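> So I've got this file, start33.cif, and it contains mmCIF, C-alpha atoms:
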```cif
data_input
loop_
_atom_site.group_PDB
_atom_site.id
_atom_site.type_symbol
_atom_site.label_atom_id
_atom_site.label_comp_id
_atom_site.auth_asym_id
_atom_site.auth_seq_id
_atom_site.Cartn_x
_atom_site.Cartn_y
_atom_site.Cartn_z
ATOM 1 C CA MET A 1 79.616 103.553 104.888
ATOM 2 C CA THR A 2 83.026 102.117 104.156
ATOM 3 C CA LEU A 3 83.795 100.650 100.758
ATOM 4 C CA HIS A 4 85.928 97.508 101.110
ATOM 5 C CA HIS A 5 88.121 96.126 98.331
ATOM 6 C CA TYR A 6 89.143 92.502 97.903
ATOM 7 C CA LEU A 7 91.250 90.488 95.515
ATOM 8 C CA ALA A 8 91.462 86.769 94.835
ATOM 9 C CA ALA A 9 94.124 84.716 93.093
ATOM 10 C CA GLU A 10 94.931 81.127 92.151
ATOM 11 C CA LYS A 11 98.087 81.293 94.287
ATOM 12 C CA LYS A 12 99.285 82.959 97.467
ATOM 13 C CA LEU A 13 100.202 86.603 96.967
ATOM 14 C CA PRO A 14 102.620 88.760 98.946
ATOM 15 C CA MET A 15 101.019 90.731 101.754
ATOM 16 C CA GLY A 16 102.181 94.040 103.141
ATOM 17 C CA SER A 17 102.475 97.672 102.062
ATOM 18 C CA PHE A 18 103.214 98.581 98.451
ATOM 19 C CA GLY A 19 103.968 102.013 97.036
ATOM 20 C CA LEU A 20 104.275 103.658 100.431
ATOM 21 C CA ASN A 21 107.333 105.831 100.924
ATOM 22 C CA ALA A 22 107.993 105.609 104.636
ATOM 23 C CA THR A 23 110.994 106.714 106.662
ATOM 24 C CA GLU A 24 111.978 105.242 110.010
ATOM 25 C CA ILE A 25 112.509 107.833 112.742
ATOM 26 C CA ALA A 26 112.760 107.724 116.502
ATOM 27 C CA LEU A 27 109.371 107.817 118.244
ATOM 28 C CA GLU A 28 110.582 110.562 120.575
ATOM 29 C CA LYS A 29 110.961 112.841 117.543
ATOM 30 C CA VAL A 30 107.414 112.039 116.483
ATOM 31 C CA ARG A 31 106.014 112.745 119.950
ATOM 32 C CA HIS A 32 107.928 116.018 120.507
ATOM 33 C CA PRO A 33 108.747 117.569 117.148
ATOM 34 C CA GLY A 34 108.995 121.075 118.662
ATOM 35 C CA LYS A 35 111.735 120.363 121.226
ATOM 36 C CA LYS A 36 114.838 122.525 120.921
ATOM 37 C CA ASN A 37 117.237 119.596 120.473
ATOM 38 C CA LYS A 38 115.483 117.750 117.654
ATOM 39 C CA ASN A 39 118.431 115.389 117.113
ATOM 40 C CA ARG A 40 118.455 114.013 120.655
ATOM 41 C CA VAL A 41 116.978 110.495 120.847
ATOM 42 C CA TYR A 42 115.597 109.512 124.249
ATOM 43 C CA ASN A 43 114.817 105.871 123.516
ATOM 44 C CA LYS A 44 115.389 103.310 120.794
ATOM 45 C CA GLU A 45 111.776 102.905 119.640
ATOM 46 C CA ILE A 46 111.323 103.399 115.901
ATOM 47 C CA ALA A 47 108.239 104.468 113.949
ATOM 48 C CA SER A 48 107.545 104.335 110.239
ATOM 49 C CA VAL A 49 106.200 107.695 109.064
ATOM 50 C CA ASN A 50 105.076 108.650 105.567
ATOM 51 C CA GLN A 51 107.097 111.632 104.374
ATOM 52 C CA THR A 52 104.469 113.516 102.386
ATOM 53 C CA GLU A 53 100.857 112.944 101.442
ATOM 54 C CA ASP A 54 101.581 112.624 97.710
ATOM 55 C CA VAL A 55 103.827 109.600 98.291
ATOM 56 C CA SER A 56 101.683 107.974 100.961
ATOM 57 C CA HIS A 57 98.887 106.767 98.690
ATOM 58 C CA GLY A 58 99.939 103.207 98.098
ATOM 59 C CA ILE A 59 98.110 100.031 99.024
ATOM 60 C CA GLU A 60 98.194 97.414 101.726
ATOM 61 C CA VAL A 61 97.345 93.786 101.011
ATOM 62 C CA ILE A 62 96.163 92.004 104.143
ATOM 63 C CA GLU A 63 94.381 88.825 105.192
ATOM 64 C CA VAL A 64 90.608 88.950 105.050
ATOM 65 C CA ASP A 65 89.185 89.502 108.529
ATOM 66 C CA ASN A 66 86.992 86.609 109.764
ATOM 67 C CA GLY A 67 83.957 88.908 109.786
ATOM 68 C CA TYR A 68 84.223 89.376 106.020
ATOM 69 C CA LYS A 69 84.735 85.763 104.872
ATOM 70 C CA GLU A 70 81.375 85.699 103.058
ATOM 71 C CA VAL A 71 82.903 87.920 100.337
ATOM 72 C CA LYS A 72 84.669 84.782 99.056
ATOM 73 C CA GLU A 73 81.465 83.692 97.284
ATOM 74 C CA HIS A 74 82.061 86.439 94.680
ATOM 75 C CA PHE A 75 85.340 84.850 93.549
ATOM 76 C CA ASN A 76 86.398 81.830 91.518
ATOM 77 C CA HIS A 77 89.905 81.818 93.032
ATOM 78 C CA SER A 78 90.542 80.516 96.540
ATOM 79 C CA TYR A 79 93.206 82.893 97.942
ATOM 80 C CA VAL A 80 91.319 86.020 99.017
ATOM 81 C CA TYR A 81 92.849 89.221 100.442
ATOM 82 C CA GLU A 82 91.634 92.659 101.398
ATOM 83 C CA ILE A 83 93.181 95.713 99.741
ATOM 84 C CA VAL A 84 93.425 98.914 101.761
ATOM 85 C CA GLY A 85 94.045 102.219 99.991
ATOM 86 C CA TYR A 86 92.398 105.224 98.362
ATOM 87 C CA LEU A 87 90.810 103.186 95.572
ATOM 88 C CA GLU A 88 87.466 104.967 95.160
ATOM 89 C CA ASN A 89 89.079 107.733 93.091
ATOM 90 C CA PRO A 90 91.705 107.795 90.360
ATOM 91 C CA GLY A 91 95.183 108.371 91.752
ATOM 92 C CA LYS A 92 98.369 106.831 93.070
ATOM 93 C CA SER A 93 96.669 104.008 94.994
ATOM 94 C CA ILE A 94 94.950 102.776 91.822
ATOM 95 C CA LYS A 95 98.274 102.908 89.968
ATOM 96 C CA GLU A 96 99.963 100.974 92.797
ATOM 97 C CA LEU A 97 97.149 98.399 92.769
ATOM 98 C CA PHE A 98 97.614 97.694 89.057
ATOM 99 C CA LYS A 99 101.398 97.708 89.442
ATOM 100 C CA TYR A 100 101.011 95.100 92.199
ATOM 101 C CA LEU A 101 98.647 93.016 90.042
ATOM 102 C CA ASP A 102 100.975 93.245 87.033
ATOM 103 C CA GLN A 103 103.970 92.139 89.112
ATOM 104 C CA ASN A 104 102.096 89.184 90.600
ATOM 105 C CA LEU A 105 100.397 87.910 87.445
ATOM 106 C CA SER A 106 102.177 85.403 85.254
ATOM 107 C CA GLU A 107 101.310 84.638 81.635
ATOM 108 C CA GLY A 108 97.912 82.907 81.477
ATOM 109 C CA GLU A 109 96.819 83.829 85.021
ATOM 110 C CA SER A 110 94.062 86.051 86.352
ATOM 111 C CA ILE A 111 93.345 87.939 89.558
ATOM 112 C CA GLU A 112 89.852 89.010 90.585
ATOM 113 C CA VAL A 113 89.001 92.282 92.337
ATOM 114 C CA TYR A 114 85.690 93.047 94.028
ATOM 115 C CA SER A 115 84.468 96.066 95.994
ATOM 116 C CA CYS A 116 81.406 96.382 98.216
ATOM 117 C CA LEU A 117 80.084 98.419 101.105
ATOM 118 C CA ASP A 118 80.687 97.219 104.643
ATOM 119 C CA GLY A 119 78.004 94.718 105.640
ATOM 120 C CA GLU A 120 76.953 94.049 102.037
ATOM 121 C CA GLU A 121 79.449 91.281 101.251
ATOM 122 C CA GLN A 122 76.675 88.746 100.558
ATOM 123 C CA LYS A 123 74.632 90.993 98.267
ATOM 124 C CA PRO A 124 74.864 90.294 94.515
ATOM 125 C CA ARG A 125 77.312 92.262 92.426
ATOM 126 C CA ASP A 126 76.232 94.783 89.795
ATOM 127 C CA ASN A 127 76.961 92.919 86.538
ATOM 128 C CA LYS A 128 76.792 96.189 84.580
ATOM 129 C CA LEU A 129 80.008 97.251 86.333
ATOM 130 C CA ASP A 130 81.931 94.048 85.478
ATOM 131 C CA VAL A 131 85.084 94.689 83.494
ATOM 132 C CA VAL A 132 88.034 92.688 82.189
ATOM 133 C CA ILE A 133 91.465 94.307 82.094
ATOM 134 C CA ASN A 134 94.153 92.531 80.092
ATOM 135 C CA LEU A 135 97.628 93.594 81.226
ATOM 136 C CA LYS A 136 99.259 91.720 78.324
ATOM 137 C CA THR A 137 97.286 93.333 75.495
ATOM 138 C CA TYR A 138 96.712 96.617 77.419
ATOM 139 C CA GLN A 139 92.953 96.366 76.919
ATOM 140 C CA LEU A 140 90.541 97.977 79.399
ATOM 141 C CA GLY A 141 87.099 96.504 78.801
ATOM 142 C CA LYS A 142 85.948 96.050 75.227
ATOM 143 C CA HIS A 143 86.593 99.514 73.854
ATOM 144 C CA ILE A 144 89.652 101.113 75.478
ATOM 145 C CA LYS A 145 93.194 100.298 74.367
ATOM 146 C CA LEU A 146 95.866 101.563 76.742
ATOM 147 C CA ASP A 147 99.316 102.784 75.708
ATOM 148 C CA LYS A 148 101.910 100.026 76.144
ATOM 149 C CA LYS A 149 104.417 102.362 77.816
ATOM 150 C CA LYS A 150 101.944 104.347 79.947
ATOM 151 C CA TYR A 151 99.233 101.815 80.840
ATOM 152 C CA LEU A 152 99.855 101.894 84.611
ATOM 153 C CA GLN A 153 99.793 105.696 84.606
ATOM 154 C CA GLN A 154 96.634 105.708 82.461
ATOM 155 C CA LEU A 155 94.875 103.256 84.786
ATOM 156 C CA GLY A 156 95.917 105.315 87.796
ATOM 157 C CA GLU A 157 94.594 108.517 86.265
ATOM 158 C CA SER A 158 91.284 107.206 84.917
ATOM 159 C CA PHE A 159 90.109 104.187 86.890
ATOM 160 C CA LYS A 160 88.380 103.780 90.255
ATOM 161 C CA LEU A 161 86.718 100.925 92.127
ATOM 162 C CA GLU A 162 82.975 101.169 92.661
ATOM 163 C CA ASP A 163 80.466 99.507 94.986
ATOM 164 C CA LYS A 164 79.451 96.004 93.791
ATOM 165 C CA GLN A 165 82.039 96.073 90.985
ATOM 166 C CA TYR A 166 83.824 92.899 89.871
ATOM 167 C CA ILE A 167 87.026 93.170 87.845
ATOM 168 C CA GLN A 168 88.943 90.339 86.256
ATOM 169 C CA VAL A 169 92.561 91.274 85.600
ATOM 170 C CA ILE A 170 94.221 88.878 83.173
ATOM 171 C CA LYS A 171 97.533 88.435 81.410
ATOM 172 C CA LYS A 172 96.533 86.378 78.382
#
```
Let me see whether you can do it: turn the structure in this file into structure tokens.


Amino acid sequence: MTLHHYLAAEKKLPMGSFGLNATEIALEKVRHPGKKNKNRVYNKEIASVNQTEDVSHGIEVIEVDNGYKEVKEHFNHSYVYEIVGYLENPGKSIKELFKYLDQNLSEGESIEVYSCLDGEEQKPRDNKLDVVINLKTYQLGKHIKLDKKKYLQQLGESFKLEDKQYIQVIKK
């Protein structure tokens, strides 16, 4: 089953791709990479292609699909988005998620994150997995203090989103 990730905020947030390193190239080169004259462009169509796998693990923030609107009951904030990325394991997507949250949180604000399996949006969350992350004091939960200069890297290397997990990210 697919694990979906959502975020909610008190204000509208920017949507789109974040942390993806894409290059625009002609579609003809994508379709026929083995042709002898690789520099010849046959049409003006352009594609965005990720250069390498290690730089492609960013996130996308998109509108919540109508079929998943019931996930909104897990949030206190009214602007709800879906996050697409490799967020089930520590790595670059997690780092990009927290970078995005940090950039879009102002002093005194919070953003909520919730993950659940496809079709289980109405099921109750697992309160044992709830965590608060303070990006101002660099505190992860009650017991882990992150390094002020490396906190995004530390989150990226050690954190993952789990099924039925609710996270409140604050800057207070």

> Can you list, as an MDAnalysis selection string, the residues that the PyMOL selection byres ((chain A and resi 63) around 8) selects here?

chainID A and resid 15 61:62 64:65 80:82

> When you look at Val84 in chain A with a cut-off of 12 Å (counting only C-alpha atoms), what residues show up, excluding the ones that are within fewer than 2 positions of it in the same chain? I need them as number ranges by chain.

A: 2-7, 15-20, 57-64, 81-82, 86-88, 93-94, 96-97, 115, 161

> Under the PyMOL selection byres ((chain A and resi 102) around 12), which residues of this model are included? Write them out as a ChimeraX atom specification.

/A:13,95-101,103-107,109-111,133-136,138,151-152,155,169-172

> Which residue out of A:Lys164, A:Lys142, A:Lys11, A:Lys72 has the minimum interatomic distance to Glu120 in chain A when all atoms listed in the file are used?

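When distances to Glu120 in chain A are compared using all atoms listed in the file, the smallest one comes from A:Lys164.
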
> Provide the CA of Val132 in chain A to CA of Ile167 in chain A distance in Å, to one decimal place.

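Calculated distance between CA of Val132 in chain A and CA of Ile167 in chain A is 5.8 Å.
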
> Taking all atoms listed in the file into account, name the residue in A:Glu157, A:Glu73, A:Asp163, A:Asp147 that is nearest to Gly91 in chain A.

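Ranking A:Glu157, A:Glu73, A:Asp163, A:Asp147 by distance to Gly91 in chain A, first place goes to A:Glu157.
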
> How many Å separate CA of Gly141 in chain A from CA of Gly119 in chain A?

28.4 Å

> Which residue gives the smallest distance to Gly108 in chain A among A:Asn89, A:Glu10, A:Gln153, A:Glu121, with all atoms listed in the file counted?

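Checking each candidate against Gly108 in chain A, we get A:Glu10 as the closest.
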
> One decimal, in Å: what's the spacing between CA of Gln168 in chain A and CA of Ala8 in chain A?

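Pair CA of Gln168 in chain A / CA of Ala8 in chain A returns 9.6 Å.
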
> Starting from the point (81.0, 95.1, 89.5), work out which residues of protein, DNA or RNA have an atom no more than 10 Å away when counting all atoms listed in the file; state them as an MDAnalysis selection string.

chainID A and resid 113:116 124:131 161:168

> Between A:Leu146, A:Thr137, A:Gln122, A:Lys92, which residue has the minimum interatomic distance to Tyr68 in chain A, considering all atoms listed in the file?

A:Gln122

> Considering all atoms listed in the file, can you say which of A:Asp118, A:Gln139, A:Pro90, A:Lys12 comes closest to His77 in chain A?

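Among the listed residues, A:Lys12 lies closest to His77 in chain A.
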